[in-house]
Amino acid sequence: MASSSLTLSQAIFSPSLPRHGSSSSSSPSLSFPIFSGLKSTPFTSSHRRFLLPSTSFTKQQLSVRASAAVETLEKTDAALVEKSVNTIRFLAVDAVEKANSGHPGLPMGCAPMGHILYDEVMKYNPKNPYWFNRDRFVLSAGHGCMLQYALLHLAGYDSVQEEDLKSFRQWGSRIPGHPENFETPGVEVTTGPLGQGIANAVGLALAERHLAARFNKPDSEIVDHYTYVILGDGCQMEGISNEACSLAGHWGLGKLIAFYDDNHISIDGDTEIAFTEDVSARFESLGWHVIWVKNGNTGYDEIRAAIKEAKAVKDKPTMIKVTTTIGFGSPNKANSYSVHGSALGAKEVEATRNNLGWPYEPFHVPGDVKTHWSRHTSEGAALETEWNAKFAEYEKKYPEEAADLKSIITGELPAGWAKALPTYLPESPADATRNLSQQNLNALAKVLPGFLGGSADLASSNMTLLKMFGDFQKNSPEERNLRFGVREHGMGAICNGIALHSLGLIPYCATFFVFTDYMRGAMRISALSEAGVIYVMTHDSIGLGEDGPTHQPIEHLASFRAMPNILMFRPADGNETAGAYKVAVLKRKTPSVLALSRQKLPQLAGTSIDGVAKGGYIVSDNSSGNKPDIILLGTGSELEIAVKAADELRKEGKTVRVVSLVSWELYDEQPADYKESVLPASVTARVSIEAGSTFGWQKFLGDKGKAIGVDGFGASAPADRIYKEFGITAEAVVAAAKEVS
């Protein structure tokens with residue numbers, strides 16, 4: 001934190017600075033460093049008990065007395081640090097005990113590293129949790145969330161008051177059972193499913209690295225912050241963490257510092273039953289700098305020194321393995337699985353209080369601890385004010401860069417950006433929607449400064465390359481094409497971190513639609529945490545052809561339509577693809593999935609960008625009075641089939657309405673009168689066609705309608721043959737229409 005006087009932590013992190021003030025006998029403003037990063041106190045008359053009032057001491061005598069004074073102060077402040085750490089422990093213990101639910105073990109073991117991070121190392125403004133240049137903290141081991149809530153409470157965040165601690169895990173609480181960024185300001189990302197958090201942290205660190213490379217100038221380092229993360233054995237076991245950490249090492253994300261809580265305990269017991277690999281060696285092979293703190297329980301200086309060393313390594317992320325005792329301080333449950341996921345119980349709480357010499361009532365923060373932590377409010381405000389002034393100067397010197405960075409920070413989109421989206425006419429060439437998607441991606445990249453993304457080793461097939469940019473790499477972090485390799489799950493979670501770093505960062509990621517099975521956990525967290533990632537999913541149906549059923553999605557459309565707060569788009573042509581991208585860019589708190597075709601599709605008459613925004617709309621209709629004989633509904637590549645079937649039925653004198661239901665979620669949001677104008681209740685003769693599971697279509701078809709689709713696995717053959725064999729044809733639609741009429 002900003003200070004005009006030197007602290008020990010500043011001395012640790014800036015070894016070139018002197019650890020003690022001048023020993024001049026005439027220096028009433030002498031400053032003494034204070035242990036643990038506490039503010040140093042100017043040497044004034046209040047310290048005369050350490051030195052005699054005489055000014056005739058030799059320099060050697062004064063130095064001896066000054067050293068004695070420092071030693072006394074450091075002992076005092078060491079005790080205060082210990083009290084602060086125990087405050088964190090008991091806030092967690094008391095909250096879990098009152099809720100009779102939660103995970104006290106991790107907060108008790110990780111309290112020292114949490115204290116050092118929040119009290120001595122990190123820069124933040126507790127009264128503005130969204131200040132752009134703050135350091136980010138992620139608790140990947142989200143079950144230990146009372147650690148973070150206790151730290152936010154002590155640091156002065158309004159989101160975690162004492163009454164919030166007392167309502168932990170209860171209905172309406174602002175501090176839920178796992179960290180949720182949308183519930184608790186000060187929490188950066190939503191964690192709980194193990195491994196997601198460390199992958200999110202990689203995304204946050206990537207965002208910082210990218211923005212720093214683009215916007216920092218030799219005379220102005222306007223983007224400069226670290227990402228810190230605590231992860232546990234469970235996170236290490238999950239494959240997603242290895243995917244993400246492999247990329248972090250490859251990219252050389254030097255401002256990512258991860259603390260591995262090495263406590264050897266998981267829910268089932270000691271990790272020796274299932275997890276015996278050399279984690280340090282693995283991370284070294286992934287390209288990380290690795291440090292081992294052997295005493296994470298009381299080794300405060302070891303932790304400080306490790307952070308100093310980590311910050312000195314600029315070209316690699318750092319993993320600090322911190323060996324701790326889960327449930328530290330609990331006489332009978334420490335170092336056991338029983339302290340991992342349940343309250344200690346009244347007797348053990350009392351025993352722990354006695355063991356750690358904690359005489360206070362539940363939820364009590366001792367006055368000296370409260371006073372000490374209160375400085376973060378003013379220091380945080382000063383840090384933000386200083387940065388704002390720096391940005392104002394930056395804006396004068398570099399107005400264009402400042403405008404782009406401001407757009408990324410605020411999420412305010414450039415004026416007229418949507419005009420860049422391409423439009424198509426019926427006479428425009430037929431094309432696969434994956435190719436039309438690439439046209440849209442490249443158009444958006446020209447006008448949206450925060451637009452970036454990539455594919456899981458399928459860029460040439462997903463068609464996601466931004467042609468005007470190079471690859472984001474260790475030596476070219478300013479570029480916008482992200483090469484994720486075959487790491488779908490890590491890719492999705494990294495993109496969540498990017499999206500949650502700044503409102504105007506709009507990440508997209510891509511793979512085959514069927515491989516959303518590999519990344520569904522990250523996609524669900526996108527939806528839950530309101531991260532507006534754009535998922536570009538090609539090869540969307542049996543229409544991909546010869547690759548066969550392993551690659552042909554069936555149930556996937558239905559599964560994402562069932563997921564809350566995610567938009568599932570299946571565009572039929574160029575205009576609908578552009579419309580899907582327009583909505584996806586605007587919906588910054590809702591992720592979007594675009595299911596795109598491999599096969600060529602015609603540009604249809606009647607489709608529109610504006611129609612997509614309503615989710616469902618009329619593409620063609622020869623009826624009057626909102627009373628068609630038959631309504632045909634379709635999405636994606638099958639909308640063309642519905643149009644052809646309508647033409648055949650009209651030749652037989654039928655009035656037929658064709659409806660594109662490109663996004664069920666957006667259609668559901670429309671007012672009742674609009675939905676009645678598209679699907680009038682009086683018209684029960686309805687047929688849907690979609691090359692996927694028919695699950696859910698009855699919602700729009702009613703009891704008398706008929707759904708044509710694919711409710712079994714696909715097959716390996718050319719697309720035309722597969723469609724014919726599975727009955728995804730205009731002839732099948734015509735027959736069904738006659739059946740329901």
# chains A, B, ... in the order shown; residues from 1 in each chain; ligands from 1
$ residues_around --residues "Leu503 in chain A" --least-positions-apart "3" --cutoff "12 Å" --atoms "only C-alpha atoms" --output "JSON, numbers by chain"
{"A": [130, 131, 132, 207, 405, 406, 407, 408, 409, 410, 411, 412, 413, 449, 450, 451, 496, 497, 498, 499, 500, 506, 507, 530, 531, 532, 533, 585, 586, 587, 588, 589]}
$ select_by_dssp --residues "range 238-350 of chain A" --states "strand (DSSP E)" --output "list in words"
Leu256, Ile257, Ala258, Phe259, Tyr260, Asp261, Asp262, Ile265, Ser266, Gly269, Asp270, His289, Val290, Ile291, Trp292, Val293, Thr318, Met319, Ile320, Lys321, Val322 and Thr323 of chain A
$ select_by_dssp --residues "range 108-196 of chain A" --states "alpha helix (DSSP H)" --output "PyMOL selection string"
chain A and resi 108-116+145-155+162-165+196
$ write_last_selection --atoms "C-alpha atoms" --output "PDB file, in the first residue's frame"
ATOM      1  CA  MET A 108      -7.617 -22.417   9.410  1.00  0.00           C
ATOM      2  CA  GLY A 109      -4.632 -23.698   7.462  1.00  0.00           C
ATOM      3  CA  CYS A 110      -4.425 -20.945   4.846  1.00  0.00           C
ATOM      4  CA  ALA A 111      -5.000 -17.970   7.153  1.00  0.00           C
ATOM      5  CA  PRO A 112      -1.288 -16.968   7.185  1.00  0.00           C
ATOM      6  CA  MET A 113      -0.986 -16.755   3.417  1.00  0.00           C
ATOM      7  CA  GLY A 114      -4.381 -15.049   3.209  1.00  0.00           C
ATOM      8  CA  HIS A 115      -3.313 -12.460   5.770  1.00  0.00           C
ATOM      9  CA  ILE A 116      -0.051 -11.704   3.991  1.00  0.00           C
ATOM     10  CA  CYS A 145     -14.679 -19.586   1.017  1.00  0.00           C
ATOM     11  CA  MET A 146     -14.862 -18.420   4.628  1.00  0.00           C
ATOM     12  CA  LEU A 147     -11.162 -17.600   4.247  1.00  0.00           C
ATOM     13  CA  GLN A 148     -11.995 -15.067   1.566  1.00  0.00           C
ATOM     14  CA  TYR A 149     -15.092 -13.750   3.330  1.00  0.00           C
ATOM     15  CA  ALA A 150     -13.091 -13.184   6.522  1.00  0.00           C
ATOM     16  CA  LEU A 151     -10.422 -11.322   4.572  1.00  0.00           C
ATOM     17  CA  LEU A 152     -12.972  -9.162   2.768  1.00  0.00           C
ATOM     18  CA  HIS A 153     -14.595  -8.367   6.098  1.00  0.00           C
ATOM     19  CA  LEU A 154     -11.332  -7.317   7.731  1.00  0.00           C
ATOM     20  CA  ALA A 155     -10.251  -5.320   4.683  1.00  0.00           C
ATOM     21  CA  GLU A 162     -20.642  -8.973  10.624  1.00  0.00           C
ATOM     22  CA  GLU A 163     -24.298  -9.782  10.034  1.00  0.00           C
ATOM     23  CA  ASP A 164     -23.304 -11.378   6.724  1.00  0.00           C
ATOM     24  CA  LEU A 165     -20.815 -13.627   8.482  1.00  0.00           C
ATOM     25  CA  GLN A 196     -12.216 -23.988 -12.419  1.00  0.00           C
TER      26      GLN A 196
END
$ residues_around --residues "Leu458 in chain A" --least-positions-apart "4" --cutoff "12 Å" --atoms "only C-alpha atoms" --output "number ranges by chain"
A: 434, 454, 462-465, 482-488, 509-513, 515, 536-539
$ atom_distance --atom1 "CA of Lys397 in chain A" --atom2 "CA of Glu479 in chain A"
22.9 Å
$ residues_around --residues "Leu356 in chain A" --least-positions-apart "6" --cutoff "10 Å" --atoms "only C-alpha atoms" --output "ChimeraX atom specification"
/A:82-83,86,90,328-331
$ residues_around --residues "range 691-695 of chain A" --least-positions-apart "4" --cutoff "10 Å" --atoms "only C-alpha atoms" --output "mmCIF file with C-alpha atoms, in the first residue's frame"
data_model
loop_
_atom_site.group_PDB
_atom_site.id
_atom_site.type_symbol
_atom_site.label_atom_id
_atom_site.label_comp_id
_atom_site.auth_asym_id
_atom_site.auth_seq_id
_atom_site.Cartn_x
_atom_site.Cartn_y
_atom_site.Cartn_z
ATOM 1 C CA ASP A 540 -23.560 -28.834 -35.436
ATOM 2 C CA SER A 541 -25.494 -31.963 -36.465
ATOM 3 C CA ILE A 542 -25.545 -35.223 -38.397
ATOM 4 C CA GLY A 543 -25.026 -32.904 -41.360
ATOM 5 C CA GLN A 552 -22.392 -35.825 -34.517
ATOM 6 C CA PRO A 553 -24.211 -33.946 -31.737
ATOM 7 C CA ILE A 554 -27.716 -35.158 -30.939
ATOM 8 C CA GLU A 555 -28.792 -34.158 -27.423
ATOM 9 C CA HIS A 556 -26.577 -31.087 -27.240
ATOM 10 C CA LEU A 557 -29.065 -28.473 -28.393
ATOM 11 C CA ALA A 558 -31.612 -29.692 -25.867
ATOM 12 C CA SER A 559 -29.068 -29.769 -23.063
ATOM 13 C CA GLY A 634 -37.205 -25.005 -38.016
ATOM 14 C CA THR A 635 -33.717 -23.993 -37.011
ATOM 15 C CA GLY A 636 -30.340 -23.921 -38.692
ATOM 16 C CA SER A 637 -29.857 -26.109 -41.737
ATOM 17 C CA GLU A 638 -33.404 -27.442 -41.452
ATOM 18 C CA LYS A 699 -43.459 -26.839 -25.779
ATOM 19 C CA LYS A 706 -45.339 -33.376 -34.572
ATOM 20 C CA ALA A 707 -41.575 -33.096 -34.152
ATOM 21 C CA ILE A 708 -39.187 -34.424 -36.772
ATOM 22 C CA GLY A 709 -35.675 -34.973 -35.527
ATOM 23 C CA VAL A 710 -33.013 -37.461 -34.511
ATOM 24 C CA ASP A 711 -33.450 -39.276 -31.217
ATOM 25 C CA GLY A 712 -30.735 -41.879 -31.707
ATOM 26 C CA PHE A 713 -27.076 -41.642 -32.597
ATOM 27 C CA GLY A 714 -26.083 -40.687 -36.125
ATOM 28 C CA TYR A 723 -30.525 -36.821 -43.954
ATOM 29 C CA PHE A 726 -33.052 -40.272 -40.918
ATOM 30 C CA GLY A 727 -36.066 -38.660 -42.557
ATOM 31 C CA ILE A 728 -34.816 -35.087 -42.295
#
$ residues_around --residues "Leu106 in chain A" --least-positions-apart "4" --cutoff "10 Å" --atoms "only C-alpha atoms" --output "ChimeraX atom specification"
/A:89,92,110-111,141-147,232,261,263,265,324-328,339-341
$ residues_around --residues "His250 in chain A" --least-positions-apart "2" --cutoff "10 Å" --atoms "only C-alpha atoms" --output "PDB file with N, CA, C and O atoms, in the first residue's frame"
ATOM      1  N   ALA A 244      -5.059 -25.750 -18.089  1.00  0.00           N
ATOM      2  CA  ALA A 244      -4.886 -24.305 -17.976  1.00  0.00           C
ATOM      3  C   ALA A 244      -3.462 -23.936 -17.579  1.00  0.00           C
ATOM      4  O   ALA A 244      -2.879 -22.974 -18.103  1.00  0.00           O
ATOM      5  N   CYS A 245      -2.892 -24.701 -16.656  1.00  0.00           N
ATOM      6  CA  CYS A 245      -1.534 -24.383 -16.189  1.00  0.00           C
ATOM      7  C   CYS A 245      -0.493 -24.676 -17.254  1.00  0.00           C
ATOM      8  O   CYS A 245       0.550 -24.012 -17.316  1.00  0.00           O
ATOM      9  N   SER A 246      -0.760 -25.650 -18.104  1.00  0.00           N
ATOM     10  CA  SER A 246       0.115 -25.899 -19.246  1.00  0.00           C
ATOM     11  C   SER A 246       0.156 -24.674 -20.153  1.00  0.00           C
ATOM     12  O   SER A 246       1.226 -24.253 -20.608  1.00  0.00           O
ATOM     13  N   LEU A 247      -0.989 -24.093 -20.401  1.00  0.00           N
ATOM     14  CA  LEU A 247      -1.043 -22.890 -21.240  1.00  0.00           C
ATOM     15  C   LEU A 247      -0.385 -21.707 -20.547  1.00  0.00           C
ATOM     16  O   LEU A 247       0.319 -20.917 -21.189  1.00  0.00           O
ATOM     17  N   ALA A 248      -0.605 -21.567 -19.242  1.00  0.00           N
ATOM     18  CA  ALA A 248       0.010 -20.454 -18.509  1.00  0.00           C
ATOM     19  C   ALA A 248       1.526 -20.511 -18.603  1.00  0.00           C
ATOM     20  O   ALA A 248       2.196 -19.484 -18.785  1.00  0.00           O
ATOM     21  N   GLY A 252       3.954 -17.911 -20.589  1.00  0.00           N
ATOM     22  CA  GLY A 252       4.873 -17.148 -19.750  1.00  0.00           C
ATOM     23  C   GLY A 252       4.194 -16.040 -18.967  1.00  0.00           C
ATOM     24  O   GLY A 252       4.677 -14.904 -18.933  1.00  0.00           O
ATOM     25  N   LEU A 253       3.099 -16.378 -18.295  1.00  0.00           N
ATOM     26  CA  LEU A 253       2.317 -15.368 -17.569  1.00  0.00           C
ATOM     27  C   LEU A 253       2.971 -15.055 -16.226  1.00  0.00           C
ATOM     28  O   LEU A 253       2.611 -15.594 -15.182  1.00  0.00           O
ATOM     29  N   LEU A 286       5.828 -27.939 -16.783  1.00  0.00           N
ATOM     30  CA  LEU A 286       4.855 -27.091 -17.472  1.00  0.00           C
ATOM     31  C   LEU A 286       5.389 -25.686 -17.731  1.00  0.00           C
ATOM     32  O   LEU A 286       4.704 -24.874 -18.360  1.00  0.00           O
ATOM     33  N   GLY A 287       6.572 -25.406 -17.241  1.00  0.00           N
ATOM     34  CA  GLY A 287       7.172 -24.104 -17.485  1.00  0.00           C
ATOM     35  C   GLY A 287       6.937 -23.088 -16.395  1.00  0.00           C
ATOM     36  O   GLY A 287       7.046 -21.886 -16.620  1.00  0.00           O
ATOM     37  N   TRP A 288       6.629 -23.568 -15.196  1.00  0.00           N
ATOM     38  CA  TRP A 288       6.410 -22.683 -14.053  1.00  0.00           C
ATOM     39  C   TRP A 288       7.678 -22.604 -13.202  1.00  0.00           C
ATOM     40  O   TRP A 288       8.467 -23.559 -13.143  1.00  0.00           O
ATOM     41  N   LYS A 316       7.809 -16.302 -16.205  1.00  0.00           N
ATOM     42  CA  LYS A 316       7.120 -17.554 -15.888  1.00  0.00           C
ATOM     43  C   LYS A 316       6.090 -17.299 -14.790  1.00  0.00           C
ATOM     44  O   LYS A 316       6.333 -16.488 -13.895  1.00  0.00           O
ATOM     45  N   PRO A 317       4.985 -18.037 -14.836  1.00  0.00           N
ATOM     46  CA  PRO A 317       4.122 -18.029 -13.651  1.00  0.00           C
ATOM     47  C   PRO A 317       4.816 -18.777 -12.528  1.00  0.00           C
ATOM     48  O   PRO A 317       5.720 -19.577 -12.775  1.00  0.00           O
ATOM     49  N   GLN A 473       1.173 -14.947 -27.986  1.00  0.00           N
ATOM     50  CA  GLN A 473       2.212 -15.857 -27.536  1.00  0.00           C
ATOM     51  C   GLN A 473       3.067 -15.146 -26.493  1.00  0.00           C
ATOM     52  O   GLN A 473       2.880 -13.954 -26.234  1.00  0.00           O
ATOM     53  N   LYS A 474       4.003 -15.864 -25.929  1.00  0.00           N
ATOM     54  CA  LYS A 474       4.862 -15.306 -24.889  1.00  0.00           C
ATOM     55  C   LYS A 474       5.544 -14.025 -25.348  1.00  0.00           C
ATOM     56  O   LYS A 474       5.660 -13.060 -24.582  1.00  0.00           O
TER      57      LYS A 474
END
$ atom_distance --atom1 "CA of Pro591 in chain A" --atom2 "CA of Ser502 in chain A"
15.0 Å
$ atom_distance --atom1 "CA of Gly579 in chain A" --atom2 "CA of Pro429 in chain A"
18.2 Å
$ closest_residue --among "A:Gly367, A:Gly490, A:Gly254, A:Gly299" --to "Ser84 in chain A" --atoms "only C-alpha atoms"
A:Gly367
$ closest_residue --among "A:Ile525, A:Leu601, A:Val369, A:Ile303" --to "Thr323 in chain A" --atoms "only C-alpha atoms"
A:Ile303
$ closest_residue --among "A:Leu425, A:Ala305, A:Ala343, A:Leu466" --to "Val96 in chain A" --atoms "only C-alpha atoms"
A:Ala343
